[in-house]
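To be precise, the following lines are run_1.csv, and they hold CSV, C-alpha atoms and all ligand atoms.
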```
chain,number,residue,atom,x,y,z
A,1,MET,CA,-14.1,28.0,-74.1
A,2,LYS,CA,-10.4,28.3,-73.4
A,3,ALA,CA,-8.4,25.4,-72.2
A,4,ILE,CA,-4.8,24.4,-71.8
A,5,ILE,CA,-4.0,21.8,-74.4
A,6,VAL,CA,-1.0,19.5,-75.1
A,7,LYS,CA,0.3,20.4,-78.6
A,8,GLU,CA,2.3,17.2,-78.9
A,9,PRO,CA,3.2,14.6,-76.2
A,10,GLY,CA,6.4,15.8,-74.6
A,11,GLY,CA,7.8,18.5,-72.2
A,12,ALA,CA,6.2,21.3,-70.3
A,13,GLU,CA,6.7,23.6,-73.4
A,14,GLN,CA,4.0,21.6,-75.1
A,15,LEU,CA,1.3,23.2,-72.9
A,16,ALA,CA,-0.6,26.1,-74.6
A,17,LEU,CA,-3.8,28.0,-74.1
A,18,ALA,CA,-6.2,27.3,-77.0
A,19,GLU,CA,-9.9,27.6,-78.0
A,20,VAL,CA,-11.7,24.2,-77.7
A,21,PRO,CA,-15.4,23.1,-77.8
A,22,ASP,CA,-17.4,23.3,-74.6
A,23,PRO,CA,-17.7,19.9,-72.9
A,24,ASP,CA,-20.7,17.6,-73.5
A,25,PHE,CA,-23.2,17.7,-70.7
A,26,GLY,CA,-25.5,14.8,-69.5
A,27,ASP,CA,-28.7,14.7,-67.5
A,28,ASN,CA,-27.0,14.1,-64.1
A,29,ASP,CA,-24.0,16.3,-64.8
A,30,VAL,CA,-22.8,19.5,-63.3
A,31,LEU,CA,-21.2,22.2,-65.6
A,32,LEU,CA,-18.7,24.0,-63.5
A,33,GLU,CA,-17.2,27.4,-64.2
A,34,VAL,CA,-13.6,26.5,-63.1
A,35,ARG,CA,-11.8,29.0,-60.9
A,36,ALA,CA,-8.9,26.8,-59.8
A,37,VAL,CA,-7.4,23.5,-60.8
A,38,GLY,CA,-4.9,21.3,-58.8
A,39,VAL,CA,-1.8,20.1,-60.6
A,40,ASN,CA,-0.9,16.4,-60.3
A,41,ARG,CA,1.9,14.1,-61.4
A,42,ALA,CA,-0.7,12.3,-63.5
A,43,ASP,CA,-1.0,15.5,-65.6
A,44,ILE,CA,2.7,15.2,-66.3
A,45,LEU,CA,2.5,11.6,-67.3
A,46,GLN,CA,-0.5,12.3,-69.5
A,47,ARG,CA,1.3,15.3,-71.0
A,48,LYS,CA,4.1,13.0,-72.0
A,49,GLY,CA,1.6,10.6,-73.6
A,50,MET,CA,2.2,7.9,-70.9
A,51,TYR,CA,-1.2,8.0,-69.1
A,52,PRO,CA,-4.2,8.1,-71.4
A,53,PRO,CA,-7.5,9.2,-69.8
A,54,PRO,CA,-10.0,6.5,-69.0
A,55,GLU,CA,-12.7,5.7,-71.6
A,56,GLY,CA,-15.3,8.4,-71.8
A,57,ALA,CA,-13.2,11.0,-69.9
A,58,SER,CA,-12.1,14.3,-71.4
A,59,ASP,CA,-8.7,14.2,-73.1
A,60,LEU,CA,-7.8,17.5,-71.5
A,61,LEU,CA,-5.5,17.4,-68.4
A,62,GLY,CA,-6.8,18.2,-64.9
A,63,LEU,CA,-8.1,15.8,-62.2
A,64,GLU,CA,-9.4,18.2,-59.6
A,65,VAL,CA,-11.3,21.5,-59.9
A,66,ALA,CA,-13.0,24.1,-57.7
A,67,GLY,CA,-15.5,26.7,-59.0
A,68,VAL,CA,-19.0,27.8,-59.3
A,69,VAL,CA,-21.9,25.8,-60.8
A,70,GLU,CA,-22.9,27.3,-64.1
A,71,ARG,CA,-25.7,24.9,-65.0
A,72,VAL,CA,-27.0,21.5,-64.0
A,73,GLY,CA,-28.6,18.7,-66.0
A,74,PRO,CA,-32.3,18.1,-65.7
A,75,LYS,CA,-32.0,15.1,-63.4
A,76,CYS,CA,-29.4,16.7,-61.1
A,77,ARG,CA,-30.7,17.1,-57.6
A,78,ARG,CA,-27.8,17.9,-55.4
A,79,TRP,CA,-26.6,21.2,-56.9
A,80,LYS,CA,-27.9,24.5,-58.3
A,81,THR,CA,-26.5,27.3,-60.3
A,82,GLY,CA,-24.2,29.5,-58.1
A,83,ASP,CA,-23.1,26.7,-55.7
A,84,ARG,CA,-19.4,26.6,-54.8
A,85,VAL,CA,-18.3,23.1,-55.5
A,86,PHE,CA,-15.0,21.1,-55.8
A,87,ALA,CA,-14.6,17.7,-57.3
A,88,VAL,CA,-12.1,15.0,-58.3
A,89,ILE,CA,-12.8,14.2,-61.9
A,90,PRO,CA,-11.3,11.8,-64.5
A,91,GLY,CA,-10.1,14.6,-66.7
A,92,GLY,CA,-10.9,18.0,-68.2
A,93,GLY,CA,-9.9,20.3,-65.4
A,94,TYR,CA,-7.5,22.6,-67.3
A,95,ALA,CA,-10.3,24.5,-68.9
A,96,GLN,CA,-12.8,27.3,-68.2
A,97,LYS,CA,-15.6,24.7,-67.9
A,98,ALA,CA,-15.5,21.2,-66.6
A,99,VAL,CA,-18.3,18.6,-66.4
A,100,PHE,CA,-18.7,15.9,-63.8
A,101,HIS,CA,-21.4,13.6,-62.4
A,102,GLU,CA,-23.3,15.3,-59.6
A,103,SER,CA,-22.3,12.6,-57.1
A,104,LEU,CA,-18.6,13.6,-57.4
A,105,GLY,CA,-19.3,17.2,-56.2
A,106,MET,CA,-18.3,18.3,-52.7
A,107,PRO,CA,-19.4,21.6,-51.2
A,108,ILE,CA,-16.5,24.1,-50.6
A,109,PRO,CA,-16.4,25.0,-46.9
A,110,GLU,CA,-16.8,28.8,-46.3
A,111,THR,CA,-13.3,28.8,-44.8
A,112,LEU,CA,-11.7,27.8,-48.1
A,113,ASP,CA,-11.2,29.9,-51.2
A,114,PHE,CA,-11.2,28.3,-54.7
A,115,ALA,CA,-7.4,27.7,-54.8
A,116,GLN,CA,-7.5,26.0,-51.4
A,117,ALA,CA,-10.5,23.8,-52.3
A,118,ALA,CA,-8.7,22.8,-55.5
A,119,ALA,CA,-5.8,21.6,-53.4
A,120,VAL,CA,-8.0,19.3,-51.2
A,121,GLY,CA,-9.8,16.8,-53.5
A,122,GLU,CA,-7.3,14.5,-55.1
A,123,VAL,CA,-4.8,14.3,-52.3
A,124,PHE,CA,-7.3,13.9,-49.4
A,125,LEU,CA,-9.5,11.4,-51.2
A,126,THR,CA,-6.5,9.4,-52.2
A,127,ALA,CA,-5.1,9.5,-48.7
A,128,CYS,CA,-8.5,8.5,-47.2
A,129,GLN,CA,-8.9,5.6,-49.5
A,130,ALA,CA,-5.3,4.5,-49.0
A,131,LEU,CA,-5.3,4.7,-45.2
A,132,PHE,CA,-8.8,3.6,-44.3
A,133,TRP,CA,-10.2,1.6,-47.1
A,134,LEU,CA,-7.1,-0.1,-48.5
A,135,GLY,CA,-4.6,0.0,-45.6
A,136,GLU,CA,-7.3,-0.5,-42.9
A,137,VAL,CA,-5.3,1.5,-40.3
A,138,LYS,CA,-6.3,1.4,-36.7
A,139,GLU,CA,-5.8,3.9,-33.9
A,140,LYS,CA,-2.3,3.8,-32.3
A,141,GLU,CA,-0.8,1.8,-35.2
A,142,ASN,CA,2.6,2.9,-36.6
A,143,VAL,CA,2.1,4.3,-40.2
A,144,LEU,CA,5.0,5.0,-42.4
A,145,ILE,CA,4.3,7.5,-45.1
A,146,HIS,CA,6.9,7.8,-47.9
A,147,ALA,CA,7.3,11.1,-49.8
A,148,GLY,CA,5.8,12.8,-46.8
A,149,ALA,CA,6.1,16.3,-48.2
A,150,SER,CA,4.2,15.3,-51.4
A,151,GLY,CA,0.6,16.4,-51.9
A,152,VAL,CA,-0.8,13.0,-50.9
A,153,GLY,CA,1.8,12.7,-48.2
A,154,THR,CA,0.9,16.0,-46.5
A,155,ALA,CA,-2.8,15.0,-46.5
A,156,ALA,CA,-2.0,11.5,-45.2
A,157,ILE,CA,0.1,12.8,-42.3
A,158,GLN,CA,-2.8,15.0,-41.2
A,159,LEU,CA,-5.5,12.3,-41.5
A,160,ALA,CA,-3.4,9.5,-39.9
A,161,GLY,CA,-2.4,11.9,-37.1
A,162,LYS,CA,-6.0,13.0,-36.4
A,163,TYR,CA,-7.1,9.3,-36.4
A,164,GLY,CA,-4.7,8.6,-33.6
A,165,CYS,CA,-1.9,6.8,-35.5
A,166,ARG,CA,1.8,7.2,-34.8
A,167,VAL,CA,3.1,8.8,-38.0
A,168,LEU,CA,6.6,8.2,-39.5
A,169,VAL,CA,7.6,9.9,-42.7
A,170,THR,CA,10.5,9.8,-45.2
A,171,ALA,CA,11.4,12.8,-47.4
A,172,GLY,CA,14.4,13.9,-49.4
A,173,THR,CA,15.5,17.0,-47.5
A,174,GLU,CA,15.6,18.4,-43.9
A,175,GLU,CA,13.3,21.2,-45.0
A,176,LYS,CA,10.7,18.7,-46.2
A,177,VAL,CA,11.0,16.6,-43.1
A,178,ALA,CA,10.6,19.8,-40.9
A,179,ALA,CA,7.4,20.6,-42.9
A,180,CYS,CA,6.1,17.1,-42.2
A,181,ARG,CA,6.8,17.4,-38.5
A,182,GLU,CA,4.9,20.7,-38.4
A,183,LEU,CA,1.9,18.8,-39.8
A,184,GLY,CA,2.1,16.4,-36.9
A,185,ALA,CA,4.5,13.6,-38.1
A,186,ASP,CA,6.0,12.0,-35.0
A,187,VAL,CA,9.2,10.8,-36.7
A,188,GLY,CA,10.9,12.3,-39.8
A,189,ILE,CA,13.6,10.5,-41.8
A,190,VAL,CA,15.7,12.1,-44.5
A,191,TYR,CA,16.1,9.1,-46.7
A,192,ARG,CA,19.1,10.5,-48.4
A,193,LYS,CA,21.0,10.6,-45.1
A,194,GLU,CA,19.9,7.4,-43.3
A,195,ASP,CA,18.4,4.0,-44.0
A,196,PHE,CA,14.7,4.3,-43.4
A,197,LYS,CA,14.4,0.6,-42.5
A,198,ASP,CA,16.8,0.8,-39.6
A,199,ARG,CA,15.2,4.0,-38.3
A,200,VAL,CA,11.7,2.5,-38.5
A,201,PHE,CA,12.7,-0.5,-36.4
A,202,LYS,CA,14.5,1.8,-33.9
A,203,GLU,CA,11.5,4.1,-33.6
A,204,THR,CA,9.0,1.2,-33.2
A,205,ASP,CA,11.1,-0.8,-30.7
A,206,GLY,CA,11.7,-3.5,-33.3
A,207,ARG,CA,8.1,-4.0,-34.1
A,208,GLY,CA,8.0,-2.3,-37.6
A,209,ALA,CA,5.3,-0.3,-39.4
A,210,ASP,CA,1.8,-1.7,-39.4
A,211,MET,CA,1.0,0.1,-42.6
A,212,ILE,CA,3.1,1.8,-45.3
A,213,LEU,CA,1.9,4.3,-47.8
A,214,ASP,CA,4.3,4.0,-50.7
A,215,PHE,CA,4.6,5.9,-54.0
A,216,ILE,CA,8.1,4.7,-54.9
A,217,GLY,CA,7.6,1.0,-55.8
A,218,ALA,CA,10.5,-1.2,-57.0
A,219,SER,CA,13.4,0.6,-55.4
A,220,TYR,CA,11.7,0.5,-52.0
A,221,LEU,CA,10.0,-2.9,-52.1
A,222,GLU,CA,12.6,-5.0,-50.3
A,223,LYS,CA,13.1,-2.5,-47.6
A,224,ASN,CA,9.3,-1.9,-47.2
A,225,LEU,CA,8.7,-5.6,-46.7
A,226,HIS,CA,11.6,-5.7,-44.2
A,227,CYS,CA,10.2,-2.9,-42.1
A,228,LEU,CA,6.6,-4.0,-42.0
A,229,ALA,CA,5.3,-5.5,-38.8
A,230,VAL,CA,3.5,-8.9,-38.6
A,231,ASP,CA,0.1,-8.5,-40.4
A,232,GLY,CA,1.4,-5.3,-42.0
A,233,ARG,CA,-0.1,-3.7,-45.1
A,234,LEU,CA,1.9,-2.1,-48.0
A,235,VAL,CA,-0.3,0.2,-50.1
A,236,ILE,CA,1.5,1.2,-53.4
A,237,LEU,CA,-0.1,4.1,-55.3
A,238,ALA,CA,2.8,5.1,-57.6
A,239,LEU,CA,6.0,3.7,-59.0
A,240,MET,CA,8.3,6.8,-59.0
A,241,GLY,CA,11.3,4.5,-58.2
A,242,GLY,CA,10.5,2.0,-60.9
A,243,SER,CA,8.1,-0.9,-61.7
A,244,ARG,CA,10.4,-3.9,-61.9
A,245,ALA,CA,11.8,-5.2,-58.6
A,246,LYS,CA,14.8,-7.5,-58.6
A,247,ASP,CA,15.9,-10.0,-55.9
A,248,VAL,CA,13.1,-9.4,-53.5
A,249,ASN,CA,12.8,-12.0,-50.8
A,250,LEU,CA,9.1,-12.9,-50.7
A,251,GLY,CA,9.6,-15.2,-47.7
A,252,MET,CA,8.7,-12.2,-45.6
A,253,LEU,CA,5.2,-12.1,-47.1
A,254,LEU,CA,4.5,-15.5,-45.7
A,255,LEU,CA,6.4,-15.3,-42.4
A,256,LYS,CA,4.9,-12.0,-41.4
A,257,ARG,CA,1.5,-12.5,-43.2
A,258,LEU,CA,1.9,-9.3,-45.2
A,259,ARG,CA,-0.4,-7.8,-47.8
A,260,ILE,CA,0.6,-5.7,-50.8
A,261,ILE,CA,-2.2,-3.6,-52.2
A,262,GLY,CA,-2.0,-1.5,-55.4
A,263,SER,CA,-4.6,1.0,-56.7
A,264,THR,CA,-5.3,4.0,-58.9
A,265,LEU,CA,-8.3,6.2,-58.0
A,266,ARG,CA,-8.8,7.4,-61.5
A,267,SER,CA,-9.6,3.9,-62.8
A,268,ARG,CA,-12.3,3.3,-60.1
A,269,SER,CA,-16.0,3.1,-61.0
A,270,LEU,CA,-18.2,6.2,-60.7
A,271,ASP,CA,-20.0,4.6,-57.8
A,272,TYR,CA,-16.7,3.9,-55.9
A,273,ARG,CA,-15.5,7.5,-56.4
A,274,ALA,CA,-18.9,8.9,-55.3
A,275,ARG,CA,-18.9,6.8,-52.1
A,276,LEU,CA,-15.4,7.9,-51.3
A,277,ALA,CA,-16.3,11.6,-51.8
A,278,GLU,CA,-19.4,11.1,-49.7
A,279,GLU,CA,-17.5,9.5,-46.8
A,280,PHE,CA,-14.9,12.3,-47.0
A,281,VAL,CA,-17.6,15.0,-46.9
A,282,GLN,CA,-19.3,13.4,-43.9
A,283,ARG,CA,-16.2,12.4,-41.9
A,284,TRP,CA,-13.4,14.9,-42.7
A,285,LEU,CA,-14.7,18.0,-44.5
A,286,PRO,CA,-16.0,19.6,-41.3
A,287,LYS,CA,-12.5,19.6,-39.9
A,288,PHE,CA,-11.5,22.1,-42.6
A,289,CYS,CA,-14.0,24.5,-41.1
A,290,THR,CA,-12.5,24.1,-37.6
A,291,GLY,CA,-8.9,24.3,-38.9
A,292,ASP,CA,-8.1,20.8,-37.7
A,293,LEU,CA,-7.3,19.9,-41.3
A,294,LYS,CA,-5.8,22.2,-43.9
A,295,PRO,CA,-4.9,22.2,-47.5
A,296,ILE,CA,-1.1,22.4,-47.9
A,297,ILE,CA,-0.2,24.6,-50.8
A,298,ASP,CA,3.3,25.1,-52.2
A,299,ARG,CA,2.3,27.8,-54.6
A,300,VAL,CA,-0.7,29.2,-56.6
A,301,LEU,CA,0.0,30.3,-60.2
A,302,PRO,CA,-2.2,31.8,-62.9
A,303,TRP,CA,-3.0,29.1,-65.4
A,304,GLY,CA,-0.9,30.9,-68.1
A,305,GLU,CA,2.0,29.6,-66.0
A,306,ALA,CA,1.0,25.9,-66.2
A,307,ALA,CA,4.4,25.0,-67.8
A,308,ALA,CA,6.3,26.5,-64.8
A,309,ALA,CA,4.0,24.6,-62.4
A,310,HIS,CA,4.7,21.3,-64.2
A,311,ARG,CA,8.5,21.9,-64.1
A,312,HIS,CA,8.4,22.7,-60.4
A,313,LEU,CA,6.6,19.5,-59.7
A,314,GLU,CA,8.8,17.5,-62.0
A,315,GLU,CA,11.9,18.8,-60.2
A,316,ASN,CA,10.5,17.5,-56.8
A,317,ARG,CA,10.6,21.0,-55.4
A,318,ASN,CA,7.1,21.3,-54.0
A,319,ILE,CA,5.9,20.8,-50.4
A,320,GLY,CA,2.2,20.1,-50.8
A,321,LYS,CA,0.1,21.2,-53.8
A,322,ILE,CA,0.6,23.4,-56.8
A,323,VAL,CA,-2.6,25.1,-57.9
A,324,LEU,CA,-3.5,27.0,-61.1
A,325,THR,CA,-6.1,29.8,-61.0
A,326,LEU,CA,-8.2,31.0,-63.9
A,327,GLU,CA,-8.9,34.7,-64.2
A,401,LIG,N1,-2.8,5.6,-57.3
A,401,LIG,C1,-3.5,6.7,-57.0
A,401,LIG,O1,-4.7,6.6,-56.9
A,401,LIG,C2,-2.9,8.0,-56.9
A,401,LIG,C3,-3.6,9.2,-56.6
A,401,LIG,C4,-2.9,10.4,-56.4
A,401,LIG,C5,-1.5,10.4,-56.7
A,401,LIG,N2,-0.9,9.3,-57.1
A,401,LIG,C6,0.6,9.3,-57.3
A,401,LIG,O2,1.2,9.4,-56.1
A,401,LIG,C7,2.5,10.1,-56.2
A,401,LIG,C8,2.5,11.2,-55.3
A,401,LIG,O3,1.6,12.2,-55.7
A,401,LIG,P1,1.7,13.7,-55.2
A,401,LIG,O4,0.9,14.5,-56.0
A,401,LIG,O5,1.4,13.6,-53.7
A,401,LIG,O6,3.3,13.9,-55.4
A,401,LIG,P2,4.1,15.2,-55.4
A,401,LIG,O7,3.5,16.3,-54.6
A,401,LIG,O8,4.5,15.5,-56.8
A,401,LIG,O9,5.5,14.7,-54.7
A,401,LIG,C9,6.2,13.6,-55.1
A,401,LIG,C10,7.5,13.5,-54.2
A,401,LIG,O10,8.0,12.2,-54.3
A,401,LIG,C11,9.4,12.2,-54.0
A,401,LIG,N3,10.0,11.3,-55.0
A,401,LIG,C12,10.0,11.4,-56.3
A,401,LIG,N4,10.7,10.5,-56.9
A,401,LIG,C13,11.2,9.7,-55.9
A,401,LIG,C14,12.1,8.5,-55.8
A,401,LIG,N5,12.5,7.9,-56.9
A,401,LIG,N6,12.4,8.0,-54.6
A,401,LIG,C15,11.9,8.6,-53.5
A,401,LIG,N7,11.1,9.8,-53.5
A,401,LIG,C16,10.8,10.3,-54.7
A,401,LIG,C17,9.8,13.6,-54.1
A,401,LIG,O11,10.0,14.1,-52.8
A,401,LIG,P3,11.4,14.0,-52.0
A,401,LIG,O12,12.2,15.3,-52.2
A,401,LIG,O13,11.0,13.8,-50.6
A,401,LIG,O14,12.2,12.8,-52.7
A,401,LIG,C18,8.6,14.4,-54.8
A,401,LIG,O15,8.6,15.7,-54.4
A,401,LIG,C19,2.5,10.5,-57.7
A,401,LIG,O16,3.3,9.6,-58.4
A,401,LIG,C20,1.1,10.5,-58.1
A,401,LIG,O17,0.9,10.3,-59.5
A,401,LIG,C21,-1.5,8.1,-57.2
```
For the file at hand, write its structure as structure tokens.
Ligand SMILES: NC(=O)c1ccc[n+]([C@@H]2O[C@H](COP(=O)([O-])OP(=O)(O)OC[C@H]3O[C@@H](n4cnc5c(N)ncnc54)[C@H](OP(=O)(O)O)[C@@H]3O)[C@@H](O)[C@H]2O)c1
Amino acid sequence: MKAIIVKEPGGAEQLALAEVPDPDFGDNDVLLEVRAVGVNRADILQRKGMYPPPEGASDLLGLEVAGVVERVGPKCRRWKTGDRVFAVIPGGGYAQKAVFHESLGMPIPETLDFAQAAAVGEVFLTACQALFWLGEVKEKENVLIHAGASGVGTAAIQLAGKYGCRVLVTAGTEEKVAACRELGADVGIVYRKEDFKDRVFKETDGRGADMILDFIGASYLEKNLHCLAVDGRLVILALMGGSRAKDVNLGMLLLKRLRIIGSTLRSRSLDYRARLAEEFVQRWLPKFCTGDLKPIIDRVLPWGEAAAAHRHLEENRNIGKIVLTLE
């Protein structure tokens, strides 16, 4: 089959189409003819040689795919040849064929095409896990979502809003904040123009945010702890602003009974990822049929333009997802 490989760890110019062996295929696995694959920051880290795939996973890039089932293993019960399926997988999506355990598959709603389905999996499952499982949000709570216009951010705004939370977001530009507001964010903060901590206190009458969804890490830690409410939860999913925090006053952790929770979805067990996918299918996927939830897509490119897709993401220019389609 054809796949996009990384010739040498490095820049986007290292991506190239090449002939590679078809993936191995187990009894409970689905072999998917990939029609579209979502692009993620993790792909960029992996391309640079900074994020090796977990043990047993394909070493090809690509964490989320949508396509048509080509074959199923003899013990696979959930899917049959021809089904339209999307899935979040530990690797191997940048290829004509991808393999995943049947429990990770999710049916593509009739209202979504392959590119749209490929834009749902990673960001909505991540946002679900962060908001409901890790952050334990409750209705009417104030939720602060950093990088609101990011893929995960645009999913989290929608989910938190539909759940009945009050949603505050930060983003780098007015254009990004406006996009977040259109998705239902109640308060938008351009972090380059004003201190998000002061604004969060102002907008919550001095109470602070009950939960923060953070991808920035070190450079935001002190401010995040400051603007959490009593019993607040800080869920950290990425460290785009660094991993080493200096001079952080941990007194706030004790005084306000705060919790800091970190996670990566990719490193979770198969059982955990399958339960997350199942809950998402039951609870949230029907809302993609009614239009209450929608994939937010910045652009769809043919997979020959994978390098351009990576560059666009690396330059922080996207609002929502970038998707590659296979011809
Ligand atoms: N742990 C997990 O399980 C998990 C799962 C999925 C994704 N992730 C990670 O979560 C992060 C978000 O993913 P995504 O795909 O949604 O991202 P994305 O669409 O690529 O958007 C990221 C945005 O973050 C903002 N940003 C970048 N560097 C920043 C900095 N130093 N300070 C403040 N803002 C910064 C930029 O927007 P502005 O213009 O607004 O600054 C950028 O567009 C990525 O790092 C990804 O790897 C983690």
Mind checking which residues fall within 8 Å of range 126-137 of chain A, counting only C-alpha atoms, ignoring those fewer than 6 positions away in the same chain, and posting them as a PyMOL selection string?
-> chain A and resi 143+152-153+155-156+159-160+165+210-213+233-235+261+265+276+280
Nearby residues, ligand LIG 401 (chain A), 7 Å, only C-alpha atoms and all ligand atoms, as a compact mmCIF listing (two decimals) with C-alpha atoms, in the coordinates of the input:
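File selection-v9.txt, as written:
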```
# COMPACT_ATOMS: atom_id res chain seq x y z
CA ASN A 40 -0.90 16.40 -60.30
CA ARG A 41 1.90 14.10 -61.40
CA ALA A 42 -0.70 12.30 -63.50
CA GLU A 122 -7.30 14.50 -55.10
CA VAL A 123 -4.80 14.30 -52.30
CA THR A 126 -6.50 9.40 -52.20
CA ALA A 147 7.30 11.10 -49.80
CA GLY A 148 5.80 12.80 -46.80
CA ALA A 149 6.10 16.30 -48.20
CA SER A 150 4.20 15.30 -51.40
CA GLY A 151 0.60 16.40 -51.90
CA VAL A 152 -0.80 13.00 -50.90
CA GLY A 153 1.80 12.70 -48.20
CA THR A 170 10.50 9.80 -45.20
CA ALA A 171 11.40 12.80 -47.40
CA GLY A 172 14.40 13.90 -49.40
CA THR A 173 15.50 17.00 -47.50
CA LYS A 176 10.70 18.70 -46.20
CA PHE A 215 4.60 5.90 -54.00
CA ILE A 216 8.10 4.70 -54.90
CA LEU A 237 -0.10 4.10 -55.30
CA ALA A 238 2.80 5.10 -57.60
CA LEU A 239 6.00 3.70 -59.00
CA MET A 240 8.30 6.80 -59.00
CA GLY A 241 11.30 4.50 -58.20
CA SER A 263 -4.60 1.00 -56.70
CA THR A 264 -5.30 4.00 -58.90
CA LEU A 265 -8.30 6.20 -58.00
CA ARG A 266 -8.80 7.40 -61.50
CA LEU A 313 6.60 19.50 -59.70
CA ASN A 316 10.50 17.50 -56.80
CA ARG A 317 10.60 21.00 -55.40
CA ASN A 318 7.10 21.30 -54.00
CA ILE A 319 5.90 20.80 -50.40
CA GLY A 320 2.20 20.10 -50.80
CA LYS A 321 0.10 21.20 -53.80
```
Using CA of Gly164 in chain A and CA of Glu141 in chain A as the two end points, give the distance in Å to one decimal.
->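 For CA of Gly164 in chain A relative to CA of Glu141 in chain A, the distance reads 8.0 Å.
Residues in contact with Gly11 in chain A at up to 12 Å, not including ones fewer than 5 positions away on its chain and judged by only C-alpha atoms, are Val6, Ala16, Asp43, Ile44, Leu45, Gln46, Arg47, Lys48, Gly49, Ala306, Ala307, Ala308, His310, Arg311 and Glu314 of chain A.
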Mind giving me the straight-line distance from CA of Pro53 in chain A to CA of Gly262 in chain A in Å, one decimal?
->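 Result for CA of Pro53 in chain A versus CA of Gly262 in chain A: 18.8 Å, one decimal.
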Would you kindly return, as a ChimeraX atom specification, each protein, DNA or RNA residue with an atom no farther than 12 Å from any atom of Lys75 in chain A, considering only C-alpha atoms and excluding same-chain residues fewer than 6 positions away?
-> /A:25-30,101-103
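Separating CA of Met1 in chain A from CA of Val34 in chain A is a distance of 11.1 Å.
In terms of minimum interatomic distance to Ile4 in chain A, A:Ala95 ranks closest within A:Leu326, A:Ala95, A:Val167, A:Ala115, counting all atoms listed in the file.
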Within-12 Å shell of (11.3, -6.6, -49.4) in input frame, all atoms listed in the file, as a VMD selection string | chain A and resid 197 217 to 228 234 245 to 254 256 258 to 260
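The shell of residues at most 9 Å from Leu31 in chain A, with all atoms listed in the file counted and near chain neighbours (fewer than 5 positions) removed, consists of A:Pro23, A:Phe25, A:Val68, A:Val69, A:Glu70, A:Arg71, A:Val72, A:Gly73, A:Lys97, A:Ala98, A:Val99, A:Phe100.
Shortest atom-to-atom contact with Pro295 in chain A among A:Phe196, A:Phe124, A:Phe86, A:Tyr51: A:Phe124, counting all atoms listed in the file.
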Ile157 in chain A proximity check over A:Leu17, A:Leu324, A:Leu293, A:Leu60, using all atoms listed in the file: winner is A:Leu293
In terms of all atoms listed in the file, the residue from A:Lys202, A:Arg192, A:Arg268, A:His312 at minimal distance from Pro90 in chain A is A:Arg268
Residue nearest Pro109 in chain A - candidates A:Ala18, A:Val85, A:Ala179, A:Ala274, atoms counted: only C-alpha atoms | A:Val85
Which residue of A:Leu285, A:Ile5, A:Ile296, A:Ala36 approaches Leu183 in chain A most closely, using all atoms listed in the file =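 The shortest atom-to-atom distance to Leu183 in chain A comes from A:Ile296.
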Test item: which residues lie within 6 Å of (-9.5, 15.8, -72.2) counting all atoms listed in the file, as a list in words | Ser58, Asp59, Leu60, Leu61, Gly91 and Gly92 of chain A
Determine, counting all atoms listed in the file, which protein, DNA and RNA residues have an atom within 9 Å of an atom of Ala277 in chain A; residues of the same chain fewer than 3 positions away are not included. Present the result as a CSV table (one decimal) with C-alpha atoms, in the frame of the given file.
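Contents of selection-v4.csv, as written:
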```
chain,number,residue,atom,x,y,z
A,87,ALA,CA,-14.6,17.7,-57.3
A,88,VAL,CA,-12.1,15.0,-58.3
A,103,SER,CA,-22.3,12.6,-57.1
A,104,LEU,CA,-18.6,13.6,-57.4
A,105,GLY,CA,-19.3,17.2,-56.2
A,106,MET,CA,-18.3,18.3,-52.7
A,121,GLY,CA,-9.8,16.8,-53.5
A,125,LEU,CA,-9.5,11.4,-51.2
A,272,TYR,CA,-16.7,3.9,-55.9
A,273,ARG,CA,-15.5,7.5,-56.4
A,274,ALA,CA,-18.9,8.9,-55.3
A,280,PHE,CA,-14.9,12.3,-47.0
A,281,VAL,CA,-17.6,15.0,-46.9
A,282,GLN,CA,-19.3,13.4,-43.9
```
Please complete range 61-68 of chain A with N, CA and C atoms and give it back as a CSV table (one decimal), in the frame of the given file.
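See result-v4.csv below for the written result:
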```csv
chain,number,residue,atom,x,y,z
A,61,LEU,N,-6.1,17.7,-69.7
A,61,LEU,CA,-5.5,17.4,-68.4
A,61,LEU,C,-6.4,18.0,-67.3
A,62,GLY,N,-6.2,17.5,-66.1
A,62,GLY,CA,-6.8,18.2,-64.9
A,62,GLY,C,-7.8,17.2,-64.2
A,63,LEU,N,-7.4,16.8,-63.0
A,63,LEU,CA,-8.1,15.8,-62.2
A,63,LEU,C,-8.9,16.4,-61.0
A,64,GLU,N,-8.7,17.7,-60.8
A,64,GLU,CA,-9.4,18.2,-59.6
A,64,GLU,C,-9.7,19.7,-59.8
A,65,VAL,N,-10.9,20.1,-59.6
A,65,VAL,CA,-11.3,21.5,-59.9
A,65,VAL,C,-12.1,22.1,-58.7
A,66,ALA,N,-12.1,23.4,-58.7
A,66,ALA,CA,-13.0,24.1,-57.7
A,66,ALA,C,-13.6,25.3,-58.5
A,67,GLY,N,-14.9,25.6,-58.3
A,67,GLY,CA,-15.5,26.7,-59.0
A,67,GLY,C,-16.9,26.9,-58.6
A,68,VAL,N,-17.6,27.5,-59.6
A,68,VAL,CA,-19.0,27.8,-59.3
A,68,VAL,C,-19.9,27.1,-60.3
```
